[in-house]
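What follows is the content of target10.csv, which has CSV, N, CA and C atoms and all ligand atoms:
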chain,number,residue,atom,x,y,z
A,148,MET,N,29.2,15.6,-13.3
A,148,MET,CA,27.9,15.4,-13.8
A,148,MET,C,27.7,13.9,-14.2
A,149,ASN,N,26.6,13.4,-13.8
A,149,ASN,CA,26.3,12.0,-14.1
A,149,ASN,C,25.9,11.9,-15.6
A,150,ASN,N,26.0,10.7,-16.1
A,150,ASN,CA,25.5,10.5,-17.5
A,150,ASN,C,24.8,9.2,-17.6
A,151,SER,N,24.3,8.9,-18.8
A,151,SER,CA,23.4,7.8,-19.0
A,151,SER,C,24.1,6.4,-18.9
A,152,SER,N,25.4,6.4,-18.9
A,152,SER,CA,26.1,5.1,-18.8
A,152,SER,C,25.9,4.5,-17.5
A,153,SER,N,25.6,5.3,-16.5
A,153,SER,CA,25.3,4.7,-15.1
A,153,SER,C,24.0,4.1,-15.0
A,154,LEU,N,23.1,4.3,-15.9
A,154,LEU,CA,21.7,3.8,-15.7
A,154,LEU,C,21.6,2.3,-15.7
A,155,LEU,N,22.2,1.6,-16.6
A,155,LEU,CA,22.1,0.1,-16.6
A,155,LEU,C,22.6,-0.5,-15.3
A,156,PRO,N,23.8,-0.2,-14.9
A,156,PRO,CA,24.3,-0.8,-13.6
A,156,PRO,C,23.4,-0.4,-12.4
A,157,LEU,N,22.9,0.8,-12.4
A,157,LEU,CA,22.1,1.2,-11.3
A,157,LEU,C,20.7,0.5,-11.3
A,158,ALA,N,20.2,0.3,-12.5
A,158,ALA,CA,18.9,-0.5,-12.6
A,158,ALA,C,19.1,-2.0,-12.2
A,159,GLN,N,20.3,-2.5,-12.6
A,159,GLN,CA,20.6,-3.9,-12.3
A,159,GLN,C,20.7,-4.1,-10.8
A,160,THR,N,21.4,-3.1,-10.1
A,160,THR,CA,21.5,-3.2,-8.7
A,160,THR,C,20.1,-3.1,-8.0
A,161,ALA,N,19.3,-2.2,-8.5
A,161,ALA,CA,18.0,-2.0,-7.9
A,161,ALA,C,17.2,-3.3,-8.1
A,162,ALA,N,17.3,-3.9,-9.3
A,162,ALA,CA,16.5,-5.2,-9.6
A,162,ALA,C,17.0,-6.3,-8.6
A,163,SER,N,18.3,-6.3,-8.3
A,163,SER,CA,18.8,-7.3,-7.4
A,163,SER,C,18.2,-7.2,-6.0
A,164,ARG,N,17.7,-6.0,-5.7
A,164,ARG,CA,17.1,-5.8,-4.4
A,164,ARG,C,15.6,-5.8,-4.4
A,165,ALA,N,15.0,-6.1,-5.6
A,165,ALA,CA,13.5,-6.1,-5.7
A,165,ALA,C,12.9,-7.1,-4.6
A,166,HIS,N,11.7,-6.7,-4.2
A,166,HIS,CA,11.0,-7.6,-3.3
A,166,HIS,C,9.8,-8.1,-4.0
A,167,CYS,N,10.0,-9.3,-4.6
A,167,CYS,CA,8.9,-9.9,-5.5
A,167,CYS,C,8.7,-11.4,-5.2
A,168,PRO,N,8.3,-11.7,-3.9
A,168,PRO,CA,8.1,-13.1,-3.6
A,168,PRO,C,6.9,-13.7,-4.2
A,169,TYR,N,6.0,-12.9,-4.9
A,169,TYR,CA,4.8,-13.5,-5.5
A,169,TYR,C,5.0,-13.7,-7.0
A,170,SER,N,5.5,-12.7,-7.6
A,170,SER,CA,5.7,-12.9,-9.1
A,170,SER,C,7.0,-13.5,-9.5
A,171,HIS,N,8.0,-13.4,-8.6
A,171,HIS,CA,9.4,-13.8,-8.9
A,171,HIS,C,9.9,-13.1,-10.2
A,172,PHE,N,9.5,-11.9,-10.3
A,172,PHE,CA,9.9,-11.1,-11.5
A,172,PHE,C,10.5,-9.8,-11.1
A,173,PRO,N,11.8,-9.8,-10.8
A,173,PRO,CA,12.4,-8.5,-10.4
A,173,PRO,C,12.5,-7.5,-11.5
A,174,VAL,N,12.3,-6.2,-11.1
A,174,VAL,CA,12.4,-5.1,-12.1
A,174,VAL,C,13.2,-4.0,-11.4
A,175,GLY,N,14.1,-3.4,-12.1
A,175,GLY,CA,14.8,-2.2,-11.6
A,175,GLY,C,14.6,-1.1,-12.6
A,176,ALA,N,14.5,0.1,-12.0
A,176,ALA,CA,14.4,1.3,-12.9
A,176,ALA,C,15.4,2.4,-12.4
A,177,ALA,N,16.0,3.0,-13.3
A,177,ALA,CA,17.0,4.1,-13.0
A,177,ALA,C,16.7,5.3,-13.8
A,178,ILE,N,16.8,6.5,-13.2
A,178,ILE,CA,16.5,7.8,-13.8
A,178,ILE,C,17.7,8.7,-13.8
A,179,LEU,N,17.9,9.3,-14.9
A,179,LEU,CA,18.8,10.5,-14.9
A,179,LEU,C,17.9,11.7,-15.1
A,180,SER,N,17.9,12.6,-14.1
A,180,SER,CA,17.1,13.8,-14.1
A,180,SER,C,17.7,14.8,-15.0
A,181,THR,N,16.9,15.8,-15.4
A,181,THR,CA,17.5,16.9,-16.2
A,181,THR,C,18.5,17.7,-15.4
A,182,ALA,N,18.4,17.6,-14.1
A,182,ALA,CA,19.4,18.3,-13.3
A,182,ALA,C,20.7,17.5,-13.1
A,183,GLY,N,20.7,16.3,-13.7
A,183,GLY,CA,22.0,15.5,-13.7
A,183,GLY,C,22.1,14.6,-12.6
A,184,ASN,N,21.0,14.3,-11.8
A,184,ASN,CA,21.0,13.4,-10.7
A,184,ASN,C,20.5,12.1,-11.1
A,185,LEU,N,21.0,11.0,-10.3
A,185,LEU,CA,20.5,9.7,-10.6
A,185,LEU,C,19.6,9.2,-9.5
A,186,TYR,N,18.6,8.4,-9.8
A,186,TYR,CA,17.7,7.8,-8.9
A,186,TYR,C,17.4,6.4,-9.3
A,187,ALA,N,17.0,5.6,-8.3
A,187,ALA,CA,16.6,4.2,-8.7
A,187,ALA,C,15.5,3.7,-7.9
A,188,GLY,N,14.8,2.7,-8.4
A,188,GLY,CA,13.7,2.0,-7.7
A,188,GLY,C,13.6,0.6,-8.1
A,189,CYS,N,12.9,-0.2,-7.3
A,189,CYS,CA,12.6,-1.6,-7.7
A,189,CYS,C,11.2,-1.9,-7.4
A,190,ASN,N,10.7,-3.0,-7.9
A,190,ASN,CA,9.3,-3.4,-7.5
A,190,ASN,C,9.3,-3.9,-6.1
A,191,VAL,N,8.2,-3.6,-5.4
A,191,VAL,CA,8.0,-4.1,-4.1
A,191,VAL,C,6.6,-4.6,-4.0
A,192,GLU,N,6.5,-5.9,-3.7
A,192,GLU,CA,5.2,-6.6,-3.7
A,192,GLU,C,4.7,-6.8,-2.3
A,193,ASN,N,3.4,-7.0,-2.2
A,193,ASN,CA,2.7,-7.1,-0.9
A,193,ASN,C,1.7,-8.3,-1.0
A,194,ILE,N,1.5,-8.9,0.2
A,194,ILE,CA,0.6,-10.1,0.1
A,194,ILE,C,-0.8,-9.7,-0.3
A,195,SER,N,-1.2,-8.4,-0.1
A,195,SER,CA,-2.4,-7.9,-0.7
A,195,SER,C,-2.0,-7.4,-2.1
A,196,PHE,N,-2.1,-8.2,-3.1
A,196,PHE,CA,-1.4,-8.0,-4.4
A,196,PHE,C,-1.6,-6.6,-5.0
A,197,PRO,N,-2.8,-6.0,-4.9
A,197,PRO,CA,-2.9,-4.7,-5.6
A,197,PRO,C,-2.1,-3.6,-4.9
A,198,GLU,N,-1.6,-3.9,-3.7
A,198,GLU,CA,-0.8,-2.9,-3.0
A,198,GLU,C,0.7,-2.8,-3.5
A,199,GLY,N,1.1,-3.7,-4.3
A,199,GLY,CA,2.5,-3.6,-4.8
A,199,GLY,C,2.8,-2.4,-5.6
A,200,SER,N,4.1,-2.1,-5.8
A,200,SER,CA,4.4,-1.0,-6.6
A,200,SER,C,5.5,-1.4,-7.6
A,201,CYS,N,5.4,-0.8,-8.8
A,201,CYS,CA,6.4,-1.0,-9.8
A,201,CYS,C,7.7,-0.3,-9.6
A,202,ALA,N,8.7,-0.8,-10.3
A,202,ALA,CA,10.1,-0.2,-10.2
A,202,ALA,C,10.1,1.2,-10.6
A,203,GLU,N,9.3,1.5,-11.7
A,203,GLU,CA,9.3,2.9,-12.2
A,203,GLU,C,8.7,3.8,-11.2
A,204,THR,N,7.6,3.3,-10.5
A,204,THR,CA,7.0,4.2,-9.4
A,204,THR,C,8.0,4.5,-8.3
A,205,GLY,N,8.8,3.5,-7.9
A,205,GLY,CA,9.8,3.7,-6.9
A,205,GLY,C,10.8,4.7,-7.3
A,206,ALA,N,11.3,4.6,-8.6
A,206,ALA,CA,12.3,5.5,-9.1
A,206,ALA,C,11.8,6.9,-9.2
A,207,ILE,N,10.6,7.1,-9.6
A,207,ILE,CA,10.0,8.4,-9.7
A,207,ILE,C,9.8,9.0,-8.4
A,208,ALA,N,9.3,8.2,-7.4
A,208,ALA,CA,9.2,8.7,-6.0
A,208,ALA,C,10.5,9.2,-5.5
A,209,ALA,N,11.6,8.4,-5.7
A,209,ALA,CA,12.9,8.8,-5.3
A,209,ALA,C,13.3,10.1,-5.9
A,210,MET,N,13.0,10.3,-7.2
A,210,MET,CA,13.4,11.6,-7.9
A,210,MET,C,12.6,12.7,-7.3
A,211,ILE,N,11.4,12.5,-7.0
A,211,ILE,CA,10.6,13.6,-6.5
A,211,ILE,C,11.1,14.0,-5.0
A,212,ALA,N,11.3,12.9,-4.3
A,212,ALA,CA,11.8,13.2,-2.9
A,212,ALA,C,13.2,13.8,-2.9
A,213,GLY,N,14.0,13.6,-4.0
A,213,GLY,CA,15.3,14.2,-4.1
A,213,GLY,C,15.3,15.6,-4.6
A,214,GLY,N,14.1,16.1,-5.0
A,214,GLY,CA,13.9,17.5,-5.3
A,214,GLY,C,13.9,17.8,-6.8
A,215,ASP,N,14.0,16.7,-7.6
A,215,ASP,CA,13.9,16.9,-9.1
A,215,ASP,C,12.5,16.6,-9.6
A,216,ARG,N,12.2,17.1,-10.8
A,216,ARG,CA,10.8,16.9,-11.3
A,216,ARG,C,10.8,16.4,-12.7
A,217,THR,N,12.0,16.4,-13.4
A,217,THR,CA,11.9,16.0,-14.8
A,217,THR,C,12.9,15.0,-15.2
A,218,ILE,N,12.4,13.9,-15.9
A,218,ILE,CA,13.3,12.8,-16.3
A,218,ILE,C,13.9,13.1,-17.7
A,219,ALA,N,15.3,13.1,-17.7
A,219,ALA,CA,16.0,13.2,-19.0
A,219,ALA,C,16.0,11.8,-19.6
A,220,GLU,N,16.3,10.8,-18.8
A,220,GLU,CA,16.4,9.4,-19.3
A,220,GLU,C,15.9,8.5,-18.2
A,221,ILE,N,15.2,7.5,-18.6
A,221,ILE,CA,14.8,6.4,-17.7
A,221,ILE,C,15.1,5.1,-18.3
A,222,LEU,N,15.7,4.2,-17.5
A,222,LEU,CA,16.0,2.8,-18.0
A,222,LEU,C,15.3,1.8,-17.1
A,223,ILE,N,14.6,0.9,-17.8
A,223,ILE,CA,13.8,-0.1,-17.0
A,223,ILE,C,14.4,-1.5,-17.4
A,224,TYR,N,14.7,-2.2,-16.4
A,224,TYR,CA,15.5,-3.5,-16.6
A,224,TYR,C,14.8,-4.6,-15.9
A,225,ALA,N,14.6,-5.7,-16.6
A,225,ALA,CA,14.1,-7.0,-16.0
A,225,ALA,C,15.0,-8.1,-16.4
A,226,PRO,N,15.7,-8.7,-15.5
A,226,PRO,CA,16.6,-9.8,-15.8
A,226,PRO,C,16.0,-11.0,-16.4
A,227,ALA,N,14.7,-11.2,-16.0
A,227,ALA,CA,14.0,-12.4,-16.5
A,227,ALA,C,13.3,-12.3,-17.8
A,228,ALA,N,13.4,-11.1,-18.4
A,228,ALA,CA,12.8,-10.9,-19.7
A,228,ALA,C,13.8,-10.5,-20.8
A,229,ASP,N,13.4,-10.8,-22.1
A,229,ASP,CA,14.2,-10.3,-23.2
A,229,ASP,C,14.1,-8.8,-23.3
A,230,LEU,N,12.9,-8.3,-23.0
A,230,LEU,CA,12.6,-6.9,-23.1
A,230,LEU,C,11.4,-6.6,-22.1
A,231,ILE,N,11.6,-5.6,-21.2
A,231,ILE,CA,10.5,-5.3,-20.3
A,231,ILE,C,9.7,-4.2,-21.0
A,232,THR,N,8.4,-4.3,-20.9
A,232,THR,CA,7.5,-3.3,-21.4
A,232,THR,C,6.7,-2.7,-20.3
A,233,PRO,N,6.8,-1.4,-20.0
A,233,PRO,CA,6.2,-0.9,-18.8
A,233,PRO,C,4.7,-1.0,-18.9
A,234,CYS,N,4.0,-1.2,-17.7
A,234,CYS,CA,2.6,-1.3,-17.6
A,234,CYS,C,2.0,0.1,-18.0
A,235,GLY,N,0.7,0.1,-18.2
A,235,GLY,CA,0.0,1.3,-18.6
A,235,GLY,C,0.1,2.4,-17.6
A,236,GLY,N,-0.1,2.0,-16.3
A,236,GLY,CA,0.0,3.0,-15.3
A,236,GLY,C,1.3,3.7,-15.2
A,237,CYS,N,2.4,2.9,-15.4
A,237,CYS,CA,3.7,3.5,-15.3
A,237,CYS,C,4.0,4.3,-16.6
A,238,ARG,N,3.4,4.0,-17.7
A,238,ARG,CA,3.6,4.8,-18.9
A,238,ARG,C,3.0,6.2,-18.6
A,239,GLN,N,1.9,6.3,-18.0
A,239,GLN,CA,1.3,7.5,-17.6
A,239,GLN,C,2.1,8.3,-16.6
A,240,ARG,N,2.6,7.5,-15.6
A,240,ARG,CA,3.4,8.1,-14.5
A,240,ARG,C,4.7,8.7,-15.1
A,241,ILE,N,5.4,7.9,-16.0
A,241,ILE,CA,6.6,8.4,-16.6
A,241,ILE,C,6.3,9.7,-17.4
A,242,ALA,N,5.2,9.7,-18.2
A,242,ALA,CA,4.8,10.8,-19.0
A,242,ALA,C,4.6,12.1,-18.2
A,243,GLU,N,4.1,12.0,-17.1
A,243,GLU,CA,3.8,13.2,-16.3
A,243,GLU,C,5.1,13.9,-15.8
A,244,PHE,N,6.2,13.2,-15.8
A,244,PHE,CA,7.5,13.8,-15.4
A,244,PHE,C,8.5,13.8,-16.5
A,245,SER,N,8.0,13.8,-17.7
A,245,SER,CA,8.9,13.8,-18.9
A,245,SER,C,8.7,15.0,-19.8
A,246,THR,N,9.5,15.1,-20.8
A,246,THR,CA,9.4,16.1,-21.9
A,246,THR,C,9.4,15.3,-23.2
A,247,PRO,N,9.1,16.0,-24.3
A,247,PRO,CA,9.2,15.3,-25.6
A,247,PRO,C,10.6,14.8,-25.9
A,248,ASP,N,11.6,15.3,-25.2
A,248,ASP,CA,13.0,14.8,-25.4
A,248,ASP,C,13.4,13.7,-24.5
A,249,THR,N,12.6,13.3,-23.6
A,249,THR,CA,12.9,12.2,-22.6
A,249,THR,C,13.1,10.9,-23.4
A,250,LEU,N,14.2,10.2,-23.0
A,250,LEU,CA,14.4,8.9,-23.6
A,250,LEU,C,14.1,7.8,-22.6
A,251,ILE,N,13.4,6.8,-23.1
A,251,ILE,CA,13.0,5.6,-22.3
A,251,ILE,C,13.7,4.4,-22.8
A,252,HIS,N,14.6,3.9,-22.0
A,252,HIS,CA,15.4,2.7,-22.5
A,252,HIS,C,14.8,1.4,-21.8
A,253,LEU,N,14.5,0.4,-22.7
A,253,LEU,CA,14.0,-0.8,-22.2
A,253,LEU,C,15.0,-1.9,-22.3
A,254,ALA,N,15.3,-2.6,-21.2
A,254,ALA,CA,16.4,-3.5,-21.1
A,254,ALA,C,16.0,-4.9,-20.5
A,255,GLY,N,16.6,-5.9,-21.1
A,255,GLY,CA,16.4,-7.2,-20.6
A,255,GLY,C,17.7,-7.9,-20.3
A,256,SER,N,17.7,-9.2,-20.3
A,256,SER,CA,18.9,-9.9,-19.9
A,256,SER,C,20.2,-9.6,-20.8
A,257,ASN,N,19.9,-9.2,-22.0
A,257,ASN,CA,21.1,-8.8,-22.9
A,257,ASN,C,21.3,-7.3,-22.9
A,258,GLY,N,20.8,-6.6,-22.0
A,258,GLY,CA,21.0,-5.1,-22.0
A,258,GLY,C,19.9,-4.4,-22.7
A,259,ILE,N,20.2,-3.1,-23.1
A,259,ILE,CA,19.2,-2.3,-23.7
A,259,ILE,C,18.8,-2.8,-25.1
A,260,GLU,N,17.5,-3.0,-25.2
A,260,GLU,CA,16.9,-3.6,-26.4
A,260,GLU,C,16.2,-2.5,-27.3
A,261,GLN,N,15.6,-1.5,-26.6
A,261,GLN,CA,14.9,-0.5,-27.3
A,261,GLN,C,15.0,0.8,-26.6
A,262,THR,N,15.0,1.9,-27.3
A,262,THR,CA,15.0,3.3,-26.8
A,262,THR,C,13.8,4.0,-27.4
A,263,LEU,N,12.9,4.5,-26.6
A,263,LEU,CA,11.7,5.1,-27.1
A,263,LEU,C,11.6,6.5,-26.7
A,264,THR,N,10.8,7.3,-27.4
A,264,THR,CA,10.4,8.7,-27.0
A,264,THR,C,9.1,8.5,-26.2
A,265,LEU,N,8.7,9.6,-25.6
A,265,LEU,CA,7.4,9.5,-24.9
A,265,LEU,C,6.3,9.3,-25.8
A,266,GLU,N,6.3,9.9,-27.0
A,266,GLU,CA,5.2,9.8,-27.9
A,266,GLU,C,5.1,8.3,-28.4
A,267,GLN,N,6.3,7.6,-28.5
A,267,GLN,CA,6.2,6.2,-28.9
A,267,GLN,C,5.8,5.3,-27.7
A,268,LEU,N,6.1,5.7,-26.5
A,268,LEU,CA,5.7,5.0,-25.3
A,268,LEU,C,4.2,5.0,-25.0
A,269,LEU,N,3.7,6.2,-25.2
A,269,LEU,CA,2.3,6.4,-24.8
A,269,LEU,C,1.6,7.5,-25.7
A,270,PRO,N,1.3,7.1,-27.0
A,270,PRO,CA,0.7,8.0,-27.9
A,270,PRO,C,-0.6,8.5,-27.4
A,271,GLY,N,-1.0,9.7,-27.7
A,271,GLY,CA,-2.3,10.2,-27.3
A,271,GLY,C,-2.6,10.2,-25.9
A,272,ARG,N,-1.6,10.4,-25.1
A,272,ARG,CA,-1.8,10.3,-23.6
A,272,ARG,C,-2.7,11.4,-23.1
A,273,PHE,N,-3.3,11.1,-21.9
A,273,PHE,CA,-4.1,12.1,-21.1
A,273,PHE,C,-3.1,13.2,-20.6
A,274,LYS,N,-3.4,14.5,-20.8
A,274,LYS,CA,-2.6,15.6,-20.3
A,274,LYS,C,-3.4,16.5,-19.4
B,301,LIG,N1,6.6,-4.6,-12.9
B,301,LIG,C1,7.4,-3.5,-12.8
B,301,LIG,O1,8.0,-3.2,-11.7
B,301,LIG,N2,7.5,-2.7,-13.8
B,301,LIG,C2,7.0,-2.9,-15.1
B,301,LIG,O2,7.2,-2.1,-16.0
B,301,LIG,C3,6.1,-4.1,-15.2
B,301,LIG,C4,5.9,-4.9,-14.1
B,301,LIG,C5,6.5,-5.5,-11.7
B,301,LIG,C6,5.1,-5.5,-11.0
B,301,LIG,C7,5.2,-6.8,-10.3
B,301,LIG,O3,5.9,-6.7,-9.1
B,301,LIG,C8,6.0,-7.7,-11.3
B,301,LIG,O4,6.8,-6.8,-12.1
B,301,LIG,C9,5.3,-8.7,-12.1
B,301,LIG,O5,4.3,-8.0,-12.8

Could you write out this file's structure as structure tokens?
Amino acid sequence: MNNSSSLLPLAQTAASRAHCPYSHFPVGAAILSTAGNLYAGCNVENISFPEGSCAETGAIAAMIAGGDRTIAEILIYAPAADLITPCGGCRQRIAEFSTPDTLIHLAGSNGIEQTLTLEQLLPGRFK
């Protein structure tokens, strides 16, 4: 069974593979599903800027394609930041595949800086 200690190295590897020639801001996200499986994603940018996708979006897509539906823990890592704070769209996306027990770890160049619950990440969200 996988555990959360794998999340930071997985997100770091994903961030190292990010495609971000416009922002130069790589992001990696790693998910431990409630089924015990690990998934990762990175941001992928496109010359038509609105078409880019966030690391969290990629990791969630990988989880869904892998057959899981529920995030036990998600770690978001940005090497160029002290602390990465997910965009509004990703907060909603994470929420839709989480439970009140889901943990959201936010990491920067010095590792995990904050761990939030869903209610802390997106209070009063649309359901
Ligand atoms: N980005 C993410 O991948 N996740 C976040 O939580 C915030 C921002 C990406 C989008 C874009 O490719 C780059 O970081 C700069 O905004």

Where does DSSP see strand (DSSP E or B) in segment 150-274 of chain A, if you list the residues as a PyMOL selection string? chain A and resi 166+175-180+185-189+191+200+218-224+250-255+258-264

Given a cut-off of 6 Å, what residues near ligand LIG 301 (chain B) show up using all atoms listed in the file, put as a ChimeraX atom specification? /A:167,170,172-174,189-192,200-203,231-234

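Remark: for Ile251 of chain A, the closest of the candidate residues A:Ser195, A:His166, A:Ala176, A:Pro226 is A:Ala176 (distances computed over only C-alpha atoms).
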
Quick one: residues within 6.5 Å of Thr204 of chain A, all atoms listed in the file counted, chain neighbours fewer than 5 positions away excluded, as a ChimeraX atom specification? /A:188,209,237

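We find atom CA of Gly258 of chain A and atom C of Ala206 of chain A to be spaced 19.8 Å apart.
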
Closest to Thr217 of chain A among A:Leu230, A:Ala158, A:Leu269, A:Leu179, using only C-alpha atoms?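 Looking only at the distances to Thr217 of chain A, the closest residue turns out to be A:Leu179.
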
Could you please determine the separation between atom CA of Ile241 of chain A and atom C of Glu260 of chain A in Å, to one decimal place?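 Those two atoms sit 18.0 Å apart.
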